[in-house]
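Raw contents of query.cif, mmCIF, N, CA and C atoms:
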data_data
#
loop_
_atom_site.label_atom_id
_atom_site.label_comp_id
_atom_site.auth_asym_id
_atom_site.auth_seq_id
_atom_site.Cartn_x
_atom_site.Cartn_y
_atom_site.Cartn_z
N MET P 1 14.70 5.42 17.71
CA MET P 1 14.53 4.53 16.57
C MET P 1 13.36 3.56 16.78
N ALA P 2 13.19 3.07 18.00
CA ALA P 2 12.12 2.14 18.28
C ALA P 2 10.76 2.79 18.01
N ASP P 3 10.61 4.07 18.36
CA ASP P 3 9.36 4.78 18.12
C ASP P 3 9.09 4.93 16.63
N ALA P 4 10.13 5.31 15.86
CA ALA P 4 9.98 5.46 14.41
C ALA P 4 9.61 4.12 13.77
N ARG P 5 10.22 3.05 14.26
CA ARG P 5 9.90 1.71 13.74
C ARG P 5 8.45 1.36 14.04
N GLY P 6 8.00 1.68 15.25
CA GLY P 6 6.61 1.39 15.62
C GLY P 6 5.62 2.15 14.75
N VAL P 7 5.92 3.42 14.49
CA VAL P 7 5.05 4.24 13.63
C VAL P 7 5.03 3.65 12.22
N ALA P 8 6.20 3.34 11.68
CA ALA P 8 6.28 2.78 10.33
C ALA P 8 5.53 1.46 10.23
N ASP P 9 5.71 0.58 11.21
CA ASP P 9 5.01 -0.71 11.20
C ASP P 9 3.50 -0.53 11.27
N ALA P 10 3.05 0.40 12.10
CA ALA P 10 1.61 0.66 12.24
C ALA P 10 1.02 1.20 10.94
N LEU P 11 1.74 2.12 10.29
CA LEU P 11 1.26 2.66 9.01
C LEU P 11 1.19 1.57 7.95
N LEU P 12 2.24 0.75 7.86
CA LEU P 12 2.25 -0.34 6.88
C LEU P 12 1.08 -1.30 7.14
N ALA P 13 0.85 -1.64 8.38
CA ALA P 13 -0.26 -2.55 8.72
C ALA P 13 -1.60 -1.96 8.27
N LYS P 14 -1.79 -0.67 8.47
CA LYS P 14 -3.04 -0.03 8.05
C LYS P 14 -3.18 -0.04 6.53
N ILE P 15 -2.09 0.20 5.82
CA ILE P 15 -2.13 0.20 4.35
C ILE P 15 -2.48 -1.19 3.84
N VAL P 16 -1.82 -2.20 4.37
CA VAL P 16 -2.09 -3.58 3.96
C VAL P 16 -3.55 -3.93 4.24
N ALA P 17 -4.07 -3.51 5.38
CA ALA P 17 -5.47 -3.77 5.72
C ALA P 17 -6.40 -3.07 4.73
N MET P 18 -6.07 -1.85 4.32
CA MET P 18 -6.92 -1.13 3.37
C MET P 18 -6.99 -1.85 2.04
N PHE P 19 -5.84 -2.35 1.55
CA PHE P 19 -5.85 -3.12 0.31
C PHE P 19 -6.62 -4.43 0.48
N SER P 20 -6.46 -5.09 1.60
CA SER P 20 -7.11 -6.38 1.82
C SER P 20 -8.62 -6.26 1.99
N THR P 21 -9.08 -5.21 2.65
CA THR P 21 -10.51 -5.09 2.96
C THR P 21 -11.26 -4.09 2.08
N GLY P 22 -10.54 -3.12 1.54
CA GLY P 22 -11.20 -2.06 0.79
C GLY P 22 -11.76 -0.96 1.70
N ASP P 23 -11.60 -1.12 3.00
CA ASP P 23 -12.07 -0.12 3.97
C ASP P 23 -11.05 1.01 4.02
N LEU P 24 -11.42 2.16 3.51
CA LEU P 24 -10.50 3.29 3.37
C LEU P 24 -10.69 4.37 4.43
N ARG P 25 -11.40 4.06 5.51
CA ARG P 25 -11.66 5.06 6.54
C ARG P 25 -10.39 5.62 7.16
N ASP P 26 -9.32 4.83 7.25
CA ASP P 26 -8.08 5.30 7.87
C ASP P 26 -7.16 6.08 6.92
N ALA P 27 -7.53 6.20 5.66
CA ALA P 27 -6.63 6.80 4.67
C ALA P 27 -6.14 8.19 5.08
N GLU P 28 -7.02 9.02 5.60
CA GLU P 28 -6.62 10.38 5.96
C GLU P 28 -5.69 10.43 7.16
N THR P 29 -5.70 9.40 7.99
CA THR P 29 -4.78 9.37 9.13
C THR P 29 -3.45 8.73 8.76
N VAL P 30 -3.40 8.04 7.62
CA VAL P 30 -2.18 7.35 7.18
C VAL P 30 -1.38 8.20 6.20
N PHE P 31 -2.06 8.90 5.30
CA PHE P 31 -1.39 9.63 4.22
C PHE P 31 -1.48 11.14 4.42
N ALA P 32 -0.38 11.82 4.15
CA ALA P 32 -0.34 13.28 4.20
C ALA P 32 -1.14 13.84 3.03
N ALA P 33 -1.65 15.04 3.21
CA ALA P 33 -2.43 15.69 2.15
C ALA P 33 -1.60 15.85 0.87
N ASP P 34 -0.28 16.04 1.02
CA ASP P 34 0.59 16.23 -0.14
C ASP P 34 1.32 14.95 -0.56
N TYR P 35 0.77 13.81 -0.19
CA TYR P 35 1.32 12.49 -0.55
C TYR P 35 1.54 12.38 -2.06
N VAL P 36 2.69 11.77 -2.44
CA VAL P 36 3.00 11.54 -3.85
C VAL P 36 3.33 10.07 -4.04
N ASP P 37 2.65 9.45 -4.99
CA ASP P 37 2.91 8.05 -5.36
C ASP P 37 3.72 8.07 -6.64
N HIS P 38 5.02 7.80 -6.53
CA HIS P 38 5.91 7.86 -7.68
C HIS P 38 5.69 6.71 -8.65
N GLN P 39 5.01 5.65 -8.22
CA GLN P 39 4.71 4.53 -9.09
C GLN P 39 3.58 4.90 -10.05
N GLY P 40 2.66 5.70 -9.58
CA GLY P 40 1.53 6.09 -10.41
C GLY P 40 0.55 4.95 -10.61
N LEU P 41 -0.37 5.15 -11.51
CA LEU P 41 -1.41 4.17 -11.80
C LEU P 41 -1.68 4.19 -13.29
N ARG P 42 -1.18 3.17 -13.97
CA ARG P 42 -1.37 3.05 -15.43
C ARG P 42 -1.00 4.34 -16.17
N GLY P 43 0.14 4.92 -15.79
CA GLY P 43 0.62 6.13 -16.43
C GLY P 43 0.05 7.42 -15.88
N GLU P 44 -0.88 7.32 -14.95
CA GLU P 44 -1.51 8.49 -14.35
C GLU P 44 -0.76 8.89 -13.09
N SER P 45 -0.51 10.16 -12.90
CA SER P 45 0.11 10.65 -11.67
C SER P 45 -0.87 10.50 -10.53
N ILE P 46 -0.35 10.08 -9.38
CA ILE P 46 -1.19 9.88 -8.21
C ILE P 46 -0.65 10.72 -7.07
N SER P 47 -1.54 11.48 -6.43
CA SER P 47 -1.13 12.27 -5.28
C SER P 47 -2.33 12.45 -4.35
N GLY P 48 -2.00 12.78 -3.11
CA GLY P 48 -3.03 13.05 -2.11
C GLY P 48 -3.76 11.81 -1.65
N VAL P 49 -4.58 12.00 -0.65
CA VAL P 49 -5.34 10.90 -0.05
C VAL P 49 -6.32 10.31 -1.06
N ASP P 50 -6.97 11.15 -1.84
CA ASP P 50 -7.91 10.64 -2.85
C ASP P 50 -7.18 9.83 -3.92
N GLY P 51 -5.95 10.20 -4.23
CA GLY P 51 -5.15 9.42 -5.17
C GLY P 51 -4.90 8.02 -4.64
N PHE P 52 -4.56 7.93 -3.35
CA PHE P 52 -4.36 6.60 -2.76
C PHE P 52 -5.66 5.80 -2.82
N ARG P 53 -6.77 6.43 -2.53
CA ARG P 53 -8.06 5.73 -2.58
C ARG P 53 -8.32 5.17 -3.99
N ARG P 54 -7.97 5.93 -5.02
CA ARG P 54 -8.14 5.45 -6.40
C ARG P 54 -7.28 4.22 -6.65
N VAL P 55 -6.05 4.20 -6.11
CA VAL P 55 -5.16 3.06 -6.29
C VAL P 55 -5.77 1.81 -5.64
N VAL P 56 -6.27 1.94 -4.43
CA VAL P 56 -6.88 0.79 -3.75
C VAL P 56 -8.09 0.29 -4.54
N THR P 57 -8.93 1.19 -4.98
CA THR P 57 -10.11 0.80 -5.74
C THR P 57 -9.71 0.07 -7.02
N ALA P 58 -8.70 0.57 -7.72
CA ALA P 58 -8.24 -0.08 -8.95
C ALA P 58 -7.61 -1.44 -8.67
N ALA P 59 -6.84 -1.53 -7.59
CA ALA P 59 -6.18 -2.80 -7.25
C ALA P 59 -7.19 -3.88 -6.88
N ARG P 60 -8.28 -3.49 -6.25
CA ARG P 60 -9.28 -4.46 -5.78
C ARG P 60 -10.33 -4.79 -6.84
N ALA P 61 -10.47 -3.96 -7.86
CA ALA P 61 -11.56 -4.10 -8.83
C ALA P 61 -11.70 -5.48 -9.47
N PRO P 62 -10.62 -6.14 -9.88
CA PRO P 62 -10.80 -7.43 -10.55
C PRO P 62 -11.01 -8.62 -9.62
N TYR P 63 -11.05 -8.39 -8.32
CA TYR P 63 -11.07 -9.50 -7.37
C TYR P 63 -12.33 -9.54 -6.52
N ALA P 64 -12.84 -10.77 -6.34
CA ALA P 64 -13.93 -10.98 -5.39
C ALA P 64 -13.36 -10.96 -3.97
N ARG P 65 -12.14 -11.44 -3.82
CA ARG P 65 -11.42 -11.41 -2.55
C ARG P 65 -9.97 -11.08 -2.83
N LEU P 66 -9.38 -10.28 -1.97
CA LEU P 66 -7.96 -9.94 -2.08
C LEU P 66 -7.37 -9.93 -0.68
N VAL P 67 -6.26 -10.63 -0.53
CA VAL P 67 -5.55 -10.66 0.75
C VAL P 67 -4.11 -10.24 0.48
N VAL P 68 -3.67 -9.23 1.20
CA VAL P 68 -2.30 -8.73 1.08
C VAL P 68 -1.62 -8.97 2.42
N THR P 69 -0.42 -9.54 2.36
CA THR P 69 0.33 -9.81 3.59
C THR P 69 1.76 -9.31 3.45
N VAL P 70 2.33 -8.95 4.58
CA VAL P 70 3.73 -8.51 4.61
C VAL P 70 4.60 -9.75 4.73
N VAL P 71 5.50 -9.94 3.77
CA VAL P 71 6.44 -11.05 3.80
C VAL P 71 7.63 -10.68 4.68
N ASP P 72 8.17 -9.51 4.43
CA ASP P 72 9.22 -8.97 5.30
C ASP P 72 9.29 -7.47 5.11
N ARG P 73 9.97 -6.82 6.04
CA ARG P 73 10.07 -5.36 5.97
C ARG P 73 11.33 -4.91 6.70
N THR P 74 11.78 -3.72 6.31
CA THR P 74 12.96 -3.10 6.93
C THR P 74 12.64 -1.63 7.15
N VAL P 75 12.97 -1.14 8.33
CA VAL P 75 12.79 0.28 8.63
C VAL P 75 14.17 0.90 8.79
N GLU P 76 14.39 1.99 8.08
CA GLU P 76 15.65 2.71 8.19
C GLU P 76 15.39 4.20 8.05
N GLY P 77 15.72 4.94 9.08
CA GLY P 77 15.47 6.38 9.06
C GLY P 77 14.00 6.67 8.90
N ASP P 78 13.67 7.48 7.89
CA ASP P 78 12.28 7.87 7.66
C ASP P 78 11.58 7.00 6.61
N ARG P 79 12.17 5.81 6.31
CA ARG P 79 11.60 4.94 5.28
C ARG P 79 11.36 3.53 5.78
N ILE P 80 10.32 2.94 5.23
CA ILE P 80 10.06 1.52 5.45
C ILE P 80 9.98 0.86 4.08
N SER P 81 10.70 -0.23 3.93
CA SER P 81 10.65 -1.04 2.71
C SER P 81 9.99 -2.35 3.05
N ALA P 82 9.10 -2.81 2.19
CA ALA P 82 8.38 -4.05 2.48
C ALA P 82 8.21 -4.87 1.22
N ARG P 83 8.26 -6.18 1.41
CA ARG P 83 7.91 -7.12 0.35
C ARG P 83 6.53 -7.66 0.70
N LEU P 84 5.59 -7.48 -0.22
CA LEU P 84 4.21 -7.87 0.02
C LEU P 84 3.79 -9.01 -0.89
N HIS P 85 2.96 -9.89 -0.36
CA HIS P 85 2.37 -10.98 -1.14
C HIS P 85 0.89 -10.66 -1.33
N TRP P 86 0.44 -10.73 -2.59
CA TRP P 86 -0.95 -10.43 -2.94
C TRP P 86 -1.58 -11.72 -3.45
N ARG P 87 -2.74 -12.06 -2.93
CA ARG P 87 -3.47 -13.25 -3.37
C ARG P 87 -4.92 -12.84 -3.58
N GLY P 88 -5.36 -12.93 -4.82
CA GLY P 88 -6.72 -12.53 -5.13
C GLY P 88 -7.48 -13.60 -5.88
N VAL P 89 -8.79 -13.63 -5.68
CA VAL P 89 -9.68 -14.51 -6.41
C VAL P 89 -10.45 -13.64 -7.39
N GLN P 90 -10.24 -13.89 -8.68
CA GLN P 90 -10.83 -13.05 -9.70
C GLN P 90 -12.35 -13.18 -9.75
N THR P 91 -13.00 -12.07 -10.00
CA THR P 91 -14.47 -12.08 -10.08
C THR P 91 -14.96 -12.77 -11.34
N THR P 92 -14.19 -12.71 -12.42
CA THR P 92 -14.66 -13.25 -13.71
C THR P 92 -14.68 -14.76 -13.77
N ASP P 93 -13.65 -15.42 -13.21
CA ASP P 93 -13.55 -16.87 -13.36
C ASP P 93 -13.16 -17.61 -12.08
N ALA P 94 -13.13 -16.91 -10.95
CA ALA P 94 -12.78 -17.48 -9.64
C ALA P 94 -11.37 -18.05 -9.60
N ARG P 95 -10.55 -17.66 -10.57
CA ARG P 95 -9.16 -18.11 -10.59
C ARG P 95 -8.37 -17.35 -9.53
N THR P 96 -7.47 -18.05 -8.84
CA THR P 96 -6.60 -17.42 -7.85
C THR P 96 -5.37 -16.87 -8.54
N VAL P 97 -5.05 -15.61 -8.25
CA VAL P 97 -3.89 -14.94 -8.81
C VAL P 97 -3.00 -14.50 -7.66
N GLU P 98 -1.70 -14.75 -7.80
CA GLU P 98 -0.75 -14.33 -6.77
C GLU P 98 0.34 -13.48 -7.40
N ARG P 99 0.82 -12.52 -6.62
CA ARG P 99 1.94 -11.69 -7.05
C ARG P 99 2.69 -11.19 -5.84
N GLU P 100 3.85 -10.66 -6.10
CA GLU P 100 4.68 -10.10 -5.04
C GLU P 100 5.15 -8.72 -5.48
N THR P 101 5.16 -7.79 -4.53
CA THR P 101 5.62 -6.44 -4.83
C THR P 101 6.63 -5.99 -3.78
N VAL P 102 7.40 -4.99 -4.13
CA VAL P 102 8.29 -4.32 -3.19
C VAL P 102 7.83 -2.88 -3.11
N GLU P 103 7.64 -2.40 -1.89
CA GLU P 103 7.13 -1.05 -1.65
C GLU P 103 8.11 -0.30 -0.75
N ILE P 104 8.30 0.97 -1.04
CA ILE P 104 9.12 1.85 -0.19
C ILE P 104 8.25 3.05 0.15
N LEU P 105 8.15 3.33 1.43
CA LEU P 105 7.35 4.46 1.90
C LEU P 105 8.24 5.42 2.69
N ARG P 106 8.09 6.71 2.42
CA ARG P 106 8.78 7.72 3.24
C ARG P 106 7.73 8.33 4.15
N ILE P 107 8.12 8.48 5.42
CA ILE P 107 7.20 8.95 6.46
C ILE P 107 7.72 10.26 7.03
N ALA P 108 6.81 11.20 7.23
CA ALA P 108 7.13 12.47 7.88
C ALA P 108 5.95 12.86 8.77
N ASP P 109 6.25 13.28 9.97
CA ASP P 109 5.21 13.71 10.91
C ASP P 109 4.12 12.65 11.10
N GLY P 110 4.52 11.38 11.11
CA GLY P 110 3.58 10.30 11.39
C GLY P 110 2.67 9.90 10.26
N ARG P 111 2.94 10.39 9.04
CA ARG P 111 2.12 10.04 7.87
C ARG P 111 3.01 9.71 6.68
N VAL P 112 2.47 8.93 5.77
CA VAL P 112 3.19 8.58 4.54
C VAL P 112 3.14 9.78 3.61
N VAL P 113 4.33 10.20 3.13
CA VAL P 113 4.39 11.34 2.22
C VAL P 113 4.83 10.95 0.80
N GLU P 114 5.51 9.80 0.68
CA GLU P 114 5.93 9.33 -0.65
C GLU P 114 5.90 7.82 -0.71
N HIS P 115 5.67 7.30 -1.94
CA HIS P 115 5.67 5.86 -2.19
C HIS P 115 6.37 5.58 -3.51
N TRP P 116 7.19 4.53 -3.49
CA TRP P 116 7.77 3.94 -4.71
C TRP P 116 7.47 2.46 -4.65
N GLY P 117 7.18 1.84 -5.76
CA GLY P 117 6.89 0.42 -5.73
C GLY P 117 7.08 -0.24 -7.08
N THR P 118 7.23 -1.57 -7.03
CA THR P 118 7.35 -2.34 -8.25
C THR P 118 6.86 -3.76 -8.02
N ARG P 119 6.37 -4.35 -9.07
CA ARG P 119 5.94 -5.74 -9.02
C ARG P 119 7.16 -6.62 -9.24
N VAL P 120 7.31 -7.65 -8.41
CA VAL P 120 8.44 -8.56 -8.51
C VAL P 120 8.04 -9.80 -9.30
N SER P 121 6.86 -10.32 -9.02
CA SER P 121 6.38 -11.51 -9.75
C SER P 121 4.87 -11.44 -9.91
#
Go ahead and render the structure in this file as structure tokens.
Amino acid sequence: MADARGVADALLAKIVAMFSTGDLRDAETVFAADYVDHQGLRGESISGVDGFRRVVTAARAPYARLVVTVVDRTVEGDRISARLHWRGVQTTDARTVERETVEILRIADGRVVEHWGTRVS
């Protein structure tokens, strides 16, 4: 269990870093080729590593700066659930926007294979 928790924590940390920085170089090592994002993106189905890249690009687009942090997380079996805090400075008016989301990731063979998520605030 300790090993599975370490893998899950490492994957979550890389995902949070990708959203915060926009640096997507680790995407192929984090997500399986057959990854499915059940949340989607504005009604569009999202799958695969390129699908994840589109989500990050869309999430970062309105912000000059975006910082995503893990508030708390739980690892159980092949899943990690996390509450994330998002703080962005909008490019249009420099207004700071904050939100919170809950994310659930299923992991297989050391990579994320599924995602479910929702905005809390």
Output as a Markdown table one row per residue of stretch 46-121 of chain P within 8 Å of stretch 14-36 of chain P: the closest atom pair and its distance in Å to one decimal place, counting only C-alpha atoms, sorted by chain and residue number ascending.
| residue | atom | partner | partner_atom | distance |
| --- | --- | --- | --- | --- |
| P:Ile46 | CA | P:Val36 | CA | 6.3 |
| P:Ser47 | CA | P:Val36 | CA | 4.4 |
| P:Gly48 | CA | P:Tyr35 | CA | 4.7 |
| P:Val49 | CA | P:Phe31 | CA | 6.0 |
| P:Phe52 | CA | P:Ala27 | CA | 7.8 |
| P:Arg53 | CA | P:Leu24 | CA | 6.9 |
| P:Val56 | CA | P:Phe19 | CA | 5.7 |
| P:Thr57 | CA | P:Gly22 | CA | 7.2 |
| P:Ala59 | CA | P:Phe19 | CA | 7.6 |
| P:Arg60 | CA | P:Phe19 | CA | 7.1 |
| P:Arg65 | CA | P:Ser20 | CA | 7.9 |
| P:Leu66 | CA | P:Ser20 | CA | 5.3 |
| P:Val67 | CA | P:Ser20 | CA | 4.7 |
| P:Val68 | CA | P:Ser20 | CA | 5.4 |
| P:Thr69 | CA | P:Val16 | CA | 6.7 |
| P:Val70 | CA | P:Val16 | CA | 7.7 |
| P:Gly110 | CA | P:Val30 | CA | 7.7 |
| P:Arg111 | CA | P:Phe31 | CA | 5.1 |
| P:Val112 | CA | P:Phe31 | CA | 4.7 |
| P:Val113 | CA | P:Tyr35 | CA | 4.3 |
| P:Glu114 | CA | P:Val36 | CA | 4.9 |
| P:His115 | CA | P:Val36 | CA | 6.5 |
key: Test item: the PyMOL selection byres ((chain P and resi 64) around 7) resolved as a ChimeraX atom specification   = /P:60-63,65-66,88-92
task = Taking the DSSP assignment computed from this structure's backbone, write out as a VMD selection string all residues of chain P that belong to strand (DSSP E or B).
result = chain P and resid 31 to 41 44 to 47 63 to 76 79 to 90 96 to 108 111 to 119
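Here atom CA of P:Val75 and atom CA of P:Thr118 stand 17.9 Å from one another.
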remark   = As a check of understanding: the span from atom CA of P:Asp78 to atom CA of P:Glu98 is 29.5 Å
